[in-house]
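Shown next: upload_34.cif, given as mmCIF, C-alpha atoms and all ligand atoms.
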data_run
#
loop_
_atom_site.group_PDB
_atom_site.id
_atom_site.type_symbol
_atom_site.label_atom_id
_atom_site.label_comp_id
_atom_site.auth_asym_id
_atom_site.auth_seq_id
_atom_site.Cartn_x
_atom_site.Cartn_y
_atom_site.Cartn_z
ATOM 1 C CA MET A 1 29.886 -36.934 51.940
ATOM 2 C CA SER A 2 28.616 -38.136 55.294
ATOM 3 C CA TYR A 3 26.969 -36.372 58.221
ATOM 4 C CA ASP A 4 29.328 -35.607 61.086
ATOM 5 C CA ALA A 5 27.265 -36.289 64.216
ATOM 6 C CA GLN A 6 30.143 -35.659 66.617
ATOM 7 C CA GLY A 7 28.964 -33.256 69.330
ATOM 8 C CA ARG A 8 25.660 -32.546 67.607
ATOM 9 C CA VAL A 9 22.520 -32.346 69.682
ATOM 10 C CA ALA A 10 19.472 -34.184 68.372
ATOM 11 C CA LEU A 11 15.871 -34.149 69.566
ATOM 12 C CA ILE A 12 14.038 -37.319 68.549
ATOM 13 C CA THR A 13 10.273 -37.576 69.022
ATOM 14 C CA GLY A 14 9.058 -41.149 69.166
ATOM 15 C CA GLY A 15 12.629 -41.899 70.179
ATOM 16 C CA ALA A 16 11.816 -44.658 72.665
ATOM 17 C CA ASN A 17 11.097 -47.356 70.079
ATOM 18 C CA GLY A 18 11.427 -48.453 66.491
ATOM 19 C CA ILE A 19 12.894 -46.062 63.939
ATOM 20 C CA GLY A 20 13.449 -43.236 66.441
ATOM 21 C CA ALA A 21 15.351 -45.495 68.832
ATOM 22 C CA ALA A 22 17.465 -46.917 65.990
ATOM 23 C CA VAL A 23 18.360 -43.409 64.806
ATOM 24 C CA ALA A 24 19.194 -42.430 68.402
ATOM 25 C CA ARG A 25 21.551 -45.391 68.723
ATOM 26 C CA ARG A 26 23.317 -44.552 65.450
ATOM 27 C CA LEU A 27 23.644 -40.858 66.365
ATOM 28 C CA ALA A 28 24.975 -41.634 69.839
ATOM 29 C CA ALA A 29 27.457 -44.156 68.430
ATOM 30 C CA ALA A 30 28.759 -41.394 66.137
ATOM 31 C CA GLY A 31 29.315 -39.022 69.059
ATOM 32 C CA GLY A 32 26.006 -37.157 69.026
ATOM 33 C CA HIS A 33 23.906 -36.167 72.051
ATOM 34 C CA VAL A 34 20.353 -37.451 72.002
ATOM 35 C CA VAL A 35 17.182 -36.175 73.646
ATOM 36 C CA LEU A 36 14.414 -38.754 73.439
ATOM 37 C CA ALA A 37 10.902 -37.304 73.562
ATOM 38 C CA ASP A 38 8.153 -39.871 73.869
ATOM 39 C CA VAL A 39 5.091 -40.978 75.824
ATOM 40 C CA ASP A 40 6.756 -44.343 76.514
ATOM 41 C CA THR A 41 8.533 -43.361 79.714
ATOM 42 C CA GLU A 42 9.796 -46.820 80.563
ATOM 43 C CA ARG A 43 11.618 -47.574 77.322
ATOM 44 C CA GLY A 44 12.605 -43.957 76.760
ATOM 45 C CA THR A 45 14.245 -43.650 80.162
ATOM 46 C CA ALA A 46 16.129 -46.915 79.728
ATOM 47 C CA LEU A 47 17.411 -46.030 76.255
ATOM 48 C CA ALA A 48 18.425 -42.505 77.283
ATOM 49 C CA ALA A 49 20.442 -43.957 80.176
ATOM 50 C CA GLU A 50 22.123 -46.433 77.833
ATOM 51 C CA LEU A 51 23.047 -43.681 75.345
ATOM 52 C CA ASP A 52 24.080 -41.036 77.895
ATOM 53 C CA GLY A 53 21.202 -38.971 76.631
ATOM 54 C CA VAL A 54 18.104 -37.399 78.116
ATOM 55 C CA PHE A 55 14.531 -38.630 78.189
ATOM 56 C CA VAL A 56 11.682 -36.138 78.195
ATOM 57 C CA ARG A 57 8.110 -37.279 78.662
ATOM 58 C CA CYS A 58 6.519 -35.569 75.668
ATOM 59 C CA ASP A 59 3.102 -36.008 74.101
ATOM 60 C CA VAL A 60 3.579 -34.407 70.692
ATOM 61 C CA ARG A 61 -0.116 -33.424 70.653
ATOM 62 C CA GLU A 62 0.733 -30.771 73.250
ATOM 63 C CA PRO A 63 2.647 -27.724 71.968
ATOM 64 C CA ALA A 64 4.069 -27.095 75.459
ATOM 65 C CA ASP A 65 5.570 -30.602 75.537
ATOM 66 C CA SER A 66 7.503 -29.985 72.322
ATOM 67 C CA ALA A 67 8.725 -26.658 73.687
ATOM 68 C CA ALA A 68 9.842 -28.377 76.902
ATOM 69 C CA ALA A 69 11.696 -31.054 74.923
ATOM 70 C CA VAL A 70 13.634 -28.424 72.975
ATOM 71 C CA ALA A 71 14.348 -26.569 76.223
ATOM 72 C CA ALA A 72 15.684 -29.805 77.710
ATOM 73 C CA ALA A 73 18.099 -30.216 74.788
ATOM 74 C CA VAL A 74 19.328 -26.643 75.123
ATOM 75 C CA GLY A 75 19.536 -26.875 78.914
ATOM 76 C CA ARG A 76 21.411 -30.165 79.022
ATOM 77 C CA PHE A 77 23.614 -29.941 75.918
ATOM 78 C CA GLY A 78 23.767 -26.203 75.157
ATOM 79 C CA GLY A 79 21.770 -26.077 71.931
ATOM 80 C CA LEU A 80 19.978 -28.000 69.213
ATOM 81 C CA ASP A 81 21.318 -29.053 65.800
ATOM 82 C CA LEU A 82 18.772 -31.577 64.644
ATOM 83 C CA ALA A 83 15.078 -32.277 65.220
ATOM 84 C CA PHE A 84 13.861 -35.687 64.116
ATOM 85 C CA LEU A 85 10.062 -35.351 64.306
ATOM 86 C CA ASN A 86 9.181 -38.982 64.093
ATOM 87 C CA ALA A 87 6.456 -39.892 66.618
ATOM 88 C CA GLY A 88 3.534 -41.489 64.849
ATOM 89 C CA VAL A 89 0.688 -43.980 65.036
ATOM 90 C CA ALA A 90 -1.363 -45.998 62.560
ATOM 91 C CA SER A 91 -5.113 -45.436 62.423
ATOM 92 C CA GLY A 92 -6.706 -48.665 61.251
ATOM 93 C CA PHE A 93 -10.214 -47.413 60.452
ATOM 94 C CA GLY A 94 -12.066 -46.067 57.468
ATOM 95 C CA LEU A 95 -14.702 -43.362 57.086
ATOM 96 C CA GLY A 96 -17.652 -45.767 57.053
ATOM 97 C CA ASP A 97 -19.342 -47.539 59.943
ATOM 98 C CA ASP A 98 -16.026 -48.008 61.719
ATOM 99 C CA PHE A 99 -15.302 -44.259 61.792
ATOM 100 C CA ASP A 100 -14.588 -42.820 65.215
ATOM 101 C CA PRO A 101 -14.164 -39.020 65.413
ATOM 102 C CA ASP A 102 -12.067 -39.241 68.594
ATOM 103 C CA ALA A 103 -9.678 -41.746 67.023
ATOM 104 C CA TYR A 104 -9.520 -39.508 63.949
ATOM 105 C CA ARG A 105 -8.585 -36.420 66.003
ATOM 106 C CA ARG A 106 -5.977 -38.428 67.903
ATOM 107 C CA ALA A 107 -4.375 -39.728 64.691
ATOM 108 C CA MET A 108 -4.232 -36.288 63.095
ATOM 109 C CA ALA A 109 -2.967 -34.707 66.315
ATOM 110 C CA ILE A 110 -0.064 -37.114 66.727
ATOM 111 C CA ASN A 111 0.966 -37.499 63.085
ATOM 112 C CA LEU A 112 0.399 -33.952 61.824
ATOM 113 C CA ASP A 113 0.023 -31.512 64.745
ATOM 114 C CA GLY A 114 2.992 -33.208 66.416
ATOM 115 C CA VAL A 115 5.228 -32.323 63.475
ATOM 116 C CA VAL A 116 3.858 -28.780 63.277
ATOM 117 C CA TYR A 117 4.446 -28.172 67.000
ATOM 118 C CA GLY A 118 7.871 -29.798 66.793
ATOM 119 C CA VAL A 119 8.975 -27.545 63.942
ATOM 120 C CA HIS A 120 7.632 -24.471 65.712
ATOM 121 C CA ALA A 121 9.479 -25.358 68.911
ATOM 122 C CA ALA A 122 12.745 -26.289 67.185
ATOM 123 C CA LEU A 123 13.124 -23.321 64.823
ATOM 124 C CA PRO A 124 14.386 -20.715 67.352
ATOM 125 C CA ALA A 125 16.918 -23.150 68.828
ATOM 126 C CA LEU A 126 18.209 -24.157 65.377
ATOM 127 C CA ARG A 127 18.410 -20.494 64.386
ATOM 128 C CA ALA A 128 20.427 -19.754 67.523
ATOM 129 C CA ARG A 129 22.989 -22.332 66.308
ATOM 130 C CA GLY A 130 23.193 -20.642 62.905
ATOM 131 C CA GLY A 131 21.248 -23.446 61.203
ATOM 132 C CA GLY A 132 20.498 -27.135 61.430
ATOM 133 C CA ASP A 133 18.233 -29.906 60.236
ATOM 134 C CA ILE A 134 14.634 -30.955 60.654
ATOM 135 C CA VAL A 135 13.635 -34.382 59.396
ATOM 136 C CA ALA A 136 9.969 -35.355 59.679
ATOM 137 C CA THR A 137 8.936 -38.974 59.375
ATOM 138 C CA ALA A 138 6.151 -39.214 56.828
ATOM 139 C CA SER A 139 5.687 -42.537 55.016
ATOM 140 C CA MET A 140 5.259 -44.085 51.593
ATOM 141 C CA ALA A 141 1.620 -43.774 52.658
ATOM 142 C CA GLY A 142 2.074 -40.045 52.079
ATOM 143 C CA LEU A 143 3.240 -40.599 48.494
ATOM 144 C CA THR A 144 0.850 -43.307 47.352
ATOM 145 C CA ALA A 145 -2.801 -44.251 47.872
ATOM 146 C CA THR A 146 -3.489 -46.192 51.073
ATOM 147 C CA PRO A 147 -7.055 -47.527 50.915
ATOM 148 C CA PHE A 148 -6.322 -49.744 53.943
ATOM 149 C CA ASP A 149 -5.764 -46.694 56.177
ATOM 150 C CA PRO A 150 -7.041 -43.485 54.566
ATOM 151 C CA VAL A 151 -6.567 -41.240 57.611
ATOM 152 C CA TYR A 152 -2.940 -42.347 57.911
ATOM 153 C CA GLY A 153 -2.514 -41.655 54.186
ATOM 154 C CA ALA A 154 -4.001 -38.198 54.686
ATOM 155 C CA ASN A 155 -1.875 -37.143 57.649
ATOM 156 C CA LYS A 156 1.313 -38.544 56.106
ATOM 157 C CA ALA A 157 0.587 -36.738 52.809
ATOM 158 C CA ALA A 158 0.153 -33.603 54.916
ATOM 159 C CA VAL A 159 3.597 -34.140 56.464
ATOM 160 C CA VAL A 160 5.071 -34.486 52.972
ATOM 161 C CA GLY A 161 3.330 -31.268 51.914
ATOM 162 C CA LEU A 162 4.525 -29.510 55.044
ATOM 163 C CA ALA A 163 8.149 -30.514 54.493
ATOM 164 C CA ARG A 164 7.975 -29.500 50.829
ATOM 165 C CA ALA A 165 6.712 -26.066 51.843
ATOM 166 C CA LEU A 166 9.032 -25.563 54.808
ATOM 167 C CA GLY A 167 12.124 -26.625 52.845
ATOM 168 C CA PRO A 168 12.381 -23.536 50.643
ATOM 169 C CA ALA A 169 10.928 -21.352 53.439
ATOM 170 C CA HIS A 170 13.814 -22.021 55.835
ATOM 171 C CA GLU A 171 16.688 -22.999 53.553
ATOM 172 C CA PRO A 172 17.881 -19.365 53.301
ATOM 173 C CA GLU A 173 18.550 -19.326 57.055
ATOM 174 C CA GLY A 174 20.468 -22.604 56.920
ATOM 175 C CA ILE A 175 17.681 -24.791 58.300
ATOM 176 C CA ARG A 176 16.966 -27.749 56.041
ATOM 177 C CA VAL A 177 13.565 -29.402 56.375
ATOM 178 C CA ASN A 178 13.015 -32.766 54.702
ATOM 179 C CA ALA A 179 10.710 -35.769 54.977
ATOM 180 C CA LEU A 180 11.579 -39.441 55.416
ATOM 181 C CA CYS A 181 9.121 -41.787 53.673
ATOM 182 C CA PRO A 182 9.615 -45.459 54.553
ATOM 183 C CA SER A 183 7.654 -48.378 53.221
ATOM 184 C CA PHE A 184 6.675 -51.029 55.827
ATOM 185 C CA ALA A 185 9.553 -51.433 58.282
ATOM 186 C CA ASP A 186 9.958 -53.980 61.027
ATOM 187 C CA THR A 187 8.755 -52.091 64.118
ATOM 188 C CA ASP A 188 5.828 -52.393 66.533
ATOM 189 C CA ILE A 189 3.625 -50.198 64.349
ATOM 190 C CA ILE A 190 3.196 -52.980 61.766
ATOM 191 C CA VAL A 191 2.406 -55.734 64.291
ATOM 192 C CA PRO A 192 -1.337 -55.724 63.444
ATOM 193 C CA ILE A 193 -0.640 -56.265 59.716
ATOM 194 C CA LYS A 194 2.618 -58.221 59.813
ATOM 195 C CA ASP A 195 0.912 -61.593 59.236
ATOM 196 C CA HIS A 196 -0.857 -60.213 56.189
ATOM 197 C CA LEU A 197 2.373 -58.721 54.804
ATOM 198 C CA GLU A 198 4.186 -62.020 55.274
ATOM 199 C CA ARG A 199 1.344 -64.061 53.773
ATOM 200 C CA THR A 200 1.250 -61.837 50.702
ATOM 201 C CA GLU A 201 5.062 -61.855 50.561
ATOM 202 C CA PHE A 202 5.249 -58.080 50.736
ATOM 203 C CA PRO A 203 8.880 -57.342 51.627
ATOM 204 C CA ILE A 204 9.426 -55.613 54.974
ATOM 205 C CA LEU A 205 12.309 -53.188 55.440
ATOM 206 C CA GLU A 206 14.956 -53.708 58.084
ATOM 207 C CA VAL A 207 14.905 -50.670 60.371
ATOM 208 C CA SER A 208 18.608 -50.171 59.586
ATOM 209 C CA ALA A 209 17.685 -49.370 55.963
ATOM 210 C CA VAL A 210 15.446 -46.547 57.204
ATOM 211 C CA VAL A 211 18.262 -45.266 59.418
ATOM 212 C CA ASP A 212 20.630 -45.329 56.428
ATOM 213 C CA THR A 213 18.240 -43.088 54.498
ATOM 214 C CA PHE A 214 17.849 -40.758 57.477
ATOM 215 C CA PHE A 215 21.629 -40.243 57.381
ATOM 216 C CA ALA A 216 21.607 -39.875 53.596
ATOM 217 C CA ILE A 217 19.142 -36.996 54.007
ATOM 218 C CA LEU A 218 21.456 -35.329 56.522
ATOM 219 C CA ALA A 219 24.465 -35.872 54.270
ATOM 220 C CA GLY A 220 22.628 -34.364 51.305
ATOM 221 C CA ARG A 221 22.186 -30.728 50.486
ATOM 222 C CA GLY A 222 18.505 -30.655 49.588
ATOM 223 C CA ALA A 223 15.583 -29.054 51.357
ATOM 224 C CA GLY A 224 11.888 -29.740 50.959
ATOM 225 C CA GLU A 225 12.623 -33.250 49.744
ATOM 226 C CA ALA A 226 10.652 -36.432 50.480
ATOM 227 C CA TRP A 227 13.004 -39.423 50.477
ATOM 228 C CA PHE A 228 11.453 -42.829 49.775
ATOM 229 C CA VAL A 229 12.762 -45.988 51.458
ATOM 230 C CA VAL A 230 11.602 -49.051 49.544
ATOM 231 C CA PRO A 231 12.936 -52.635 49.717
ATOM 232 C CA GLY A 232 15.454 -53.373 46.981
ATOM 233 C CA ARG A 233 15.741 -49.804 45.742
ATOM 234 C CA GLU A 234 18.311 -47.161 46.434
ATOM 235 C CA SER A 235 16.683 -44.367 48.417
ATOM 236 C CA ALA A 236 16.411 -40.947 46.821
ATOM 237 C CA PRO A 237 14.218 -37.866 46.906
ATOM 238 C CA PHE A 238 10.879 -38.654 45.265
ATOM 239 C CA ALA A 239 10.599 -36.809 41.933
ATOM 240 C CA PHE A 240 7.244 -35.027 41.961
ATOM 241 C CA ARG A 241 5.827 -34.223 38.539
ATOM 242 C CA GLY A 242 5.580 -30.555 37.806
ATOM 243 C CA VAL A 243 2.053 -29.284 38.268
ATOM 244 C CA PRO A 244 0.506 -27.227 35.492
ATOM 245 C CA GLY A 245 1.000 -23.535 36.066
ATOM 246 C CA PRO A 246 -1.108 -20.775 34.583
ATOM 247 C CA ARG A 247 -0.780 -20.121 30.873
HETATM 248 N N1 LIG B 1 7.400 -49.029 60.638
HETATM 249 C C1 LIG B 1 6.789 -48.715 59.488
HETATM 250 O O1 LIG B 1 6.365 -49.559 58.707
HETATM 251 C C2 LIG B 1 6.645 -47.253 59.096
HETATM 252 C C3 LIG B 1 6.521 -46.946 57.741
HETATM 253 C C4 LIG B 1 6.376 -45.619 57.377
HETATM 254 C C5 LIG B 1 6.375 -44.632 58.329
HETATM 255 N N2 LIG B 1 6.495 -44.972 59.642
HETATM 256 C C6 LIG B 1 6.489 -43.896 60.620
HETATM 257 O O2 LIG B 1 7.679 -43.964 61.381
HETATM 258 C C7 LIG B 1 7.486 -43.294 62.617
HETATM 259 C C8 LIG B 1 8.045 -44.141 63.750
HETATM 260 O O3 LIG B 1 7.255 -45.313 63.847
HETATM 261 P P1 LIG B 1 7.898 -46.740 64.148
HETATM 262 O O4 LIG B 1 7.718 -47.564 62.930
HETATM 263 O O5 LIG B 1 9.251 -46.592 64.722
HETATM 264 O O6 LIG B 1 6.826 -47.298 65.203
HETATM 265 P P2 LIG B 1 6.937 -47.482 66.785
HETATM 266 O O7 LIG B 1 5.548 -47.776 67.210
HETATM 267 O O8 LIG B 1 8.010 -48.469 67.097
HETATM 268 O O9 LIG B 1 7.416 -46.059 67.321
HETATM 269 C C9 LIG B 1 6.533 -44.968 67.435
HETATM 270 C C10 LIG B 1 6.944 -44.182 68.668
HETATM 271 O O10 LIG B 1 6.096 -43.022 68.756
HETATM 272 C C11 LIG B 1 5.730 -42.879 70.126
HETATM 273 N N3 LIG B 1 4.497 -42.100 70.243
HETATM 274 C C12 LIG B 1 3.224 -42.492 69.972
HETATM 275 N N4 LIG B 1 2.370 -41.508 70.280
HETATM 276 C C13 LIG B 1 3.103 -40.477 70.751
HETATM 277 C C14 LIG B 1 2.783 -39.187 71.235
HETATM 278 N N5 LIG B 1 1.512 -38.763 71.304
HETATM 279 N N6 LIG B 1 3.800 -38.373 71.635
HETATM 280 C C15 LIG B 1 5.082 -38.805 71.595
HETATM 281 N N7 LIG B 1 5.447 -40.020 71.168
HETATM 282 C C16 LIG B 1 4.467 -40.853 70.740
HETATM 283 C C17 LIG B 1 5.569 -44.314 70.639
HETATM 284 O O11 LIG B 1 5.603 -44.384 72.053
HETATM 285 C C18 LIG B 1 6.769 -44.966 69.968
HETATM 286 O O12 LIG B 1 7.932 -44.862 70.758
HETATM 287 C C19 LIG B 1 5.976 -43.014 62.708
HETATM 288 O O13 LIG B 1 5.741 -41.664 62.359
HETATM 289 C C20 LIG B 1 5.401 -43.930 61.666
HETATM 290 O O14 LIG B 1 4.163 -43.474 61.166
HETATM 291 C C21 LIG B 1 6.637 -46.261 60.049
#
For the file at hand, write its structure as structure tokens.
Amino acid sequence: MSYDAQGRVALITGGANGIGAAVARRLAAAGGHVVLADVDTERGTALAAELDGVFVRCDVREPADSAAAVAAAVGRFGGLDLAFLNAGVASGFGLGDDFDPDAYRRAMAINLDGVVYGVHAALPALRARGGGDIVATASMAGLTATPFDPVYGANKAAVVGLARALGPAHEPEGIRVNALCPSFADTDIIVPIKDHLERTEFPILEVSAVVDTFFAILAGRGAGEAWFVVPGRESAPFAFRGVPGPR
């Protein structure tokens, strides 16, 4: 089964670059309408024009910006079928001498609050359509230990936890919430560590592989799943071990 994007309206945060832009291109090529919500006005405007979509200047740290982005989708295309909550930044500091509380708040606000506000803004519009999809970009950093960027690991694990909780919460009303968990993929976000990855021969994903998994999530039937994207492996929902219940 594949996802039929024809005529569907998609909001994509972080849609001006990288994974969000690649998903926008694939959706538009399949007949979907895209609303790109990003702080990068220059690239977002250019891509929206190229894809016959809409660009909305949106800082996902601001709840009102997410609401305005959803309103733009409804206003321009008549509704919303899909929210790809994908805007994100790396942190690049630890909790020792290099710790900076302002940088910490910024990282948590973009990577976690941004998803929370995006879900909150999208739910009524998806409900009005009788259902739809929310995909949040987490990371493999949310599934494994990331000593090189603990704050990123923490906010991405939170996105995984959020999607796992929201999946069963909204599945009964036809809204599927899932998380996308890529390993390192070839976008601007890895520029600071790309040399190191290449030197240590750590394989880097093509962005198209991440887009393939995004569409596999949409084509699936699951909710509350966290799909890994890892070089050389077929993507699938990560199988969490059962936690011990009371006895
Ligand atoms: N590339 C990777 O290796 C990788 C791996 C795992 C997860 N991810 C996640 O994928 C998502 C997309 O990242 P990418 O790899 O495409 O990187 P990217 O830097 O190319 O794209 C990130 C986008 O988010 C936007 N953005 C940043 N702050 C924002 C804000 N406050 N409000 C709205 N938009 C904002 C940027 O302008 C940019 O367009 C992120 O959540 C990232 O954490 C990336």
- request: List the residues matched by the PyMOL selection byres (((chain A and resi 188) around 10) and not hetatm) in the displayed structure as a ChimeraX atom specification, ordered by chain and then by residue number.
  value: /A:17-19,89,185-187,189-192,194
message: What's around Leu126 (chain A) at 12 Å? Count all atoms listed in the file, leave out sequence neighbours fewer than 2 positions away in its own chain, and write the answer as a PyMOL selection string.
response: chain A and resi 8-11+70-71+73-74+78-83+118-124+128-134+170-171+173-177
Surroundings of ligand LIG 1 (chain B) up to 7 Å, based on only C-alpha atoms and all ligand atoms, as a PDB file with C-alpha atoms, in the coordinates of the input:
ATOM      1  CA  THR A  13      10.273 -37.576  69.022  1.00  0.00           C
ATOM      2  CA  GLY A  14       9.058 -41.149  69.166  1.00  0.00           C
ATOM      3  CA  GLY A  15      12.629 -41.899  70.179  1.00  0.00           C
ATOM      4  CA  ALA A  16      11.816 -44.658  72.665  1.00  0.00           C
ATOM      5  CA  ASN A  17      11.097 -47.356  70.079  1.00  0.00           C
ATOM      6  CA  GLY A  18      11.427 -48.453  66.491  1.00  0.00           C
ATOM      7  CA  ILE A  19      12.894 -46.062  63.939  1.00  0.00           C
ATOM      8  CA  GLY A  20      13.449 -43.236  66.441  1.00  0.00           C
ATOM      9  CA  ALA A  37      10.902 -37.304  73.562  1.00  0.00           C
ATOM     10  CA  ASP A  38       8.153 -39.871  73.869  1.00  0.00           C
ATOM     11  CA  VAL A  39       5.091 -40.978  75.824  1.00  0.00           C
ATOM     12  CA  ASP A  40       6.756 -44.343  76.514  1.00  0.00           C
ATOM     13  CA  CYS A  58       6.519 -35.569  75.668  1.00  0.00           C
ATOM     14  CA  ASP A  59       3.102 -36.008  74.101  1.00  0.00           C
ATOM     15  CA  VAL A  60       3.579 -34.407  70.692  1.00  0.00           C
ATOM     16  CA  ARG A  61      -0.116 -33.424  70.653  1.00  0.00           C
ATOM     17  CA  ASN A  86       9.181 -38.982  64.093  1.00  0.00           C
ATOM     18  CA  ALA A  87       6.456 -39.892  66.618  1.00  0.00           C
ATOM     19  CA  GLY A  88       3.534 -41.489  64.849  1.00  0.00           C
ATOM     20  CA  VAL A  89       0.688 -43.980  65.036  1.00  0.00           C
ATOM     21  CA  ALA A  90      -1.363 -45.998  62.560  1.00  0.00           C
ATOM     22  CA  ILE A 110      -0.064 -37.114  66.727  1.00  0.00           C
ATOM     23  CA  ASN A 111       0.966 -37.499  63.085  1.00  0.00           C
ATOM     24  CA  THR A 137       8.936 -38.974  59.375  1.00  0.00           C
ATOM     25  CA  ALA A 138       6.151 -39.214  56.828  1.00  0.00           C
ATOM     26  CA  SER A 139       5.687 -42.537  55.016  1.00  0.00           C
ATOM     27  CA  MET A 140       5.259 -44.085  51.593  1.00  0.00           C
ATOM     28  CA  ALA A 141       1.620 -43.774  52.658  1.00  0.00           C
ATOM     29  CA  CYS A 181       9.121 -41.787  53.673  1.00  0.00           C
ATOM     30  CA  PRO A 182       9.615 -45.459  54.553  1.00  0.00           C
ATOM     31  CA  SER A 183       7.654 -48.378  53.221  1.00  0.00           C
ATOM     32  CA  PHE A 184       6.675 -51.029  55.827  1.00  0.00           C
ATOM     33  CA  ALA A 185       9.553 -51.433  58.282  1.00  0.00           C
ATOM     34  CA  ASP A 186       9.958 -53.980  61.027  1.00  0.00           C
ATOM     35  CA  THR A 187       8.755 -52.091  64.118  1.00  0.00           C
ATOM     36  CA  ASP A 188       5.828 -52.393  66.533  1.00  0.00           C
ATOM     37  CA  ILE A 189       3.625 -50.198  64.349  1.00  0.00           C
ATOM     38  CA  ILE A 190       3.196 -52.980  61.766  1.00  0.00           C
TER      39      ILE A 190
END
- request: Tell me which residues the PyMOL selection byres (((chain A and resi 229-237) around 8) and not hetatm) grabs here, as a list in words.
  value: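 The output of the PyMOL selection byres (((chain A and resi 229-237) around 8) and not hetatm) on this file is Met140, Leu180, Cys181, Pro182, Ser183, Pro203, Ile204, Leu205, Ala209, Val210, Thr213, Glu225, Ala226, Trp227, Phe228, Phe238 and Ala239 of chain A.
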With all atoms listed in the file as the counted atoms, please give the residues lying no more than 10 Å from region 22-28 of chain A, apart from itself and same-chain residues fewer than 3 positions off, as a CSV table (one decimal) with C-alpha atoms, keeping the file's coordinate frame.
chain,number,residue,atom,x,y,z
A,3,TYR,CA,27.0,-36.4,58.2
A,4,ASP,CA,29.3,-35.6,61.1
A,5,ALA,CA,27.3,-36.3,64.2
A,6,GLN,CA,30.1,-35.7,66.6
A,7,GLY,CA,29.0,-33.3,69.3
A,8,ARG,CA,25.7,-32.5,67.6
A,9,VAL,CA,22.5,-32.3,69.7
A,10,ALA,CA,19.5,-34.2,68.4
A,11,LEU,CA,15.9,-34.1,69.6
A,12,ILE,CA,14.0,-37.3,68.5
A,15,GLY,CA,12.6,-41.9,70.2
A,16,ALA,CA,11.8,-44.7,72.7
A,17,ASN,CA,11.1,-47.4,70.1
A,18,GLY,CA,11.4,-48.5,66.5
A,19,ILE,CA,12.9,-46.1,63.9
A,31,GLY,CA,29.3,-39.0,69.1
A,32,GLY,CA,26.0,-37.2,69.0
A,33,HIS,CA,23.9,-36.2,72.1
A,34,VAL,CA,20.4,-37.5,72.0
A,35,VAL,CA,17.2,-36.2,73.6
A,36,LEU,CA,14.4,-38.8,73.4
A,47,LEU,CA,17.4,-46.0,76.3
A,48,ALA,CA,18.4,-42.5,77.3
A,50,GLU,CA,22.1,-46.4,77.8
A,51,LEU,CA,23.0,-43.7,75.3
A,52,ASP,CA,24.1,-41.0,77.9
A,53,GLY,CA,21.2,-39.0,76.6
A,84,PHE,CA,13.9,-35.7,64.1
A,207,VAL,CA,14.9,-50.7,60.4
A,208,SER,CA,18.6,-50.2,59.6
A,210,VAL,CA,15.4,-46.5,57.2
A,211,VAL,CA,18.3,-45.3,59.4
A,212,ASP,CA,20.6,-45.3,56.4
A,214,PHE,CA,17.8,-40.8,57.5
A,215,PHE,CA,21.6,-40.2,57.4
- request: To one decimal in Å, tell me the separation between CA of Ala72 (chain A) and CA of Phe55 (chain A).
  value: 8.9 Å
- request: Please evaluate the PyMOL selection byres (((chain A and resi 224) around 7) and not hetatm) against the displayed coordinates and give the resulting residues as a PyMOL selection string.
  value: chain A and resi 163-168+177-178+222-223+225-226
Interatomic distance, CA of Asp102 (chain A) to CA of Thr146 (chain A) (Å, one decimal): 20.7 Å
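Among the candidate residues A:Lys156, A:Val151, A:Ala30, A:Glu42, the one lying nearest to Pro101 (chain A) is A:Val151, with distances computed using all atoms listed in the file.
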query: Just how far from CA of Leu143 (chain A) is CA of Phe202 (chain A), in Å to one decimal?
result: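 Interatomic distance here is 17.7 Å.
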query: Taking into account only C-alpha atoms, which residue in the set A:Gly220, A:Pro63, A:Gly75, A:Gly161 is nearest to Tyr117 (chain A)?
result: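 Closest to Tyr117 (chain A), using only C-alpha atoms: A:Pro63.
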- prompt: Which one of A:Asp195, A:Glu201, A:Glu206, A:Asp149 sits closest to Gly94 (chain A) if you count all atoms listed in the file?
  reply: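 The shortest atom-to-atom distance to Gly94 (chain A) comes from A:Asp149.
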message: Between A:Ala125, A:Phe93, A:Ala169, A:Ala107, which residue has the minimum interatomic distance to Pro147 (chain A), considering all atoms listed in the file?
response: A:Phe93
Nearest to Gly92 (chain A), chosen from A:Arg43, A:Val159, A:Tyr104, A:Gly142, with only C-alpha atoms counted in the distances: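 That would be A:Tyr104, the residue with the smallest distance to Gly92 (chain A).
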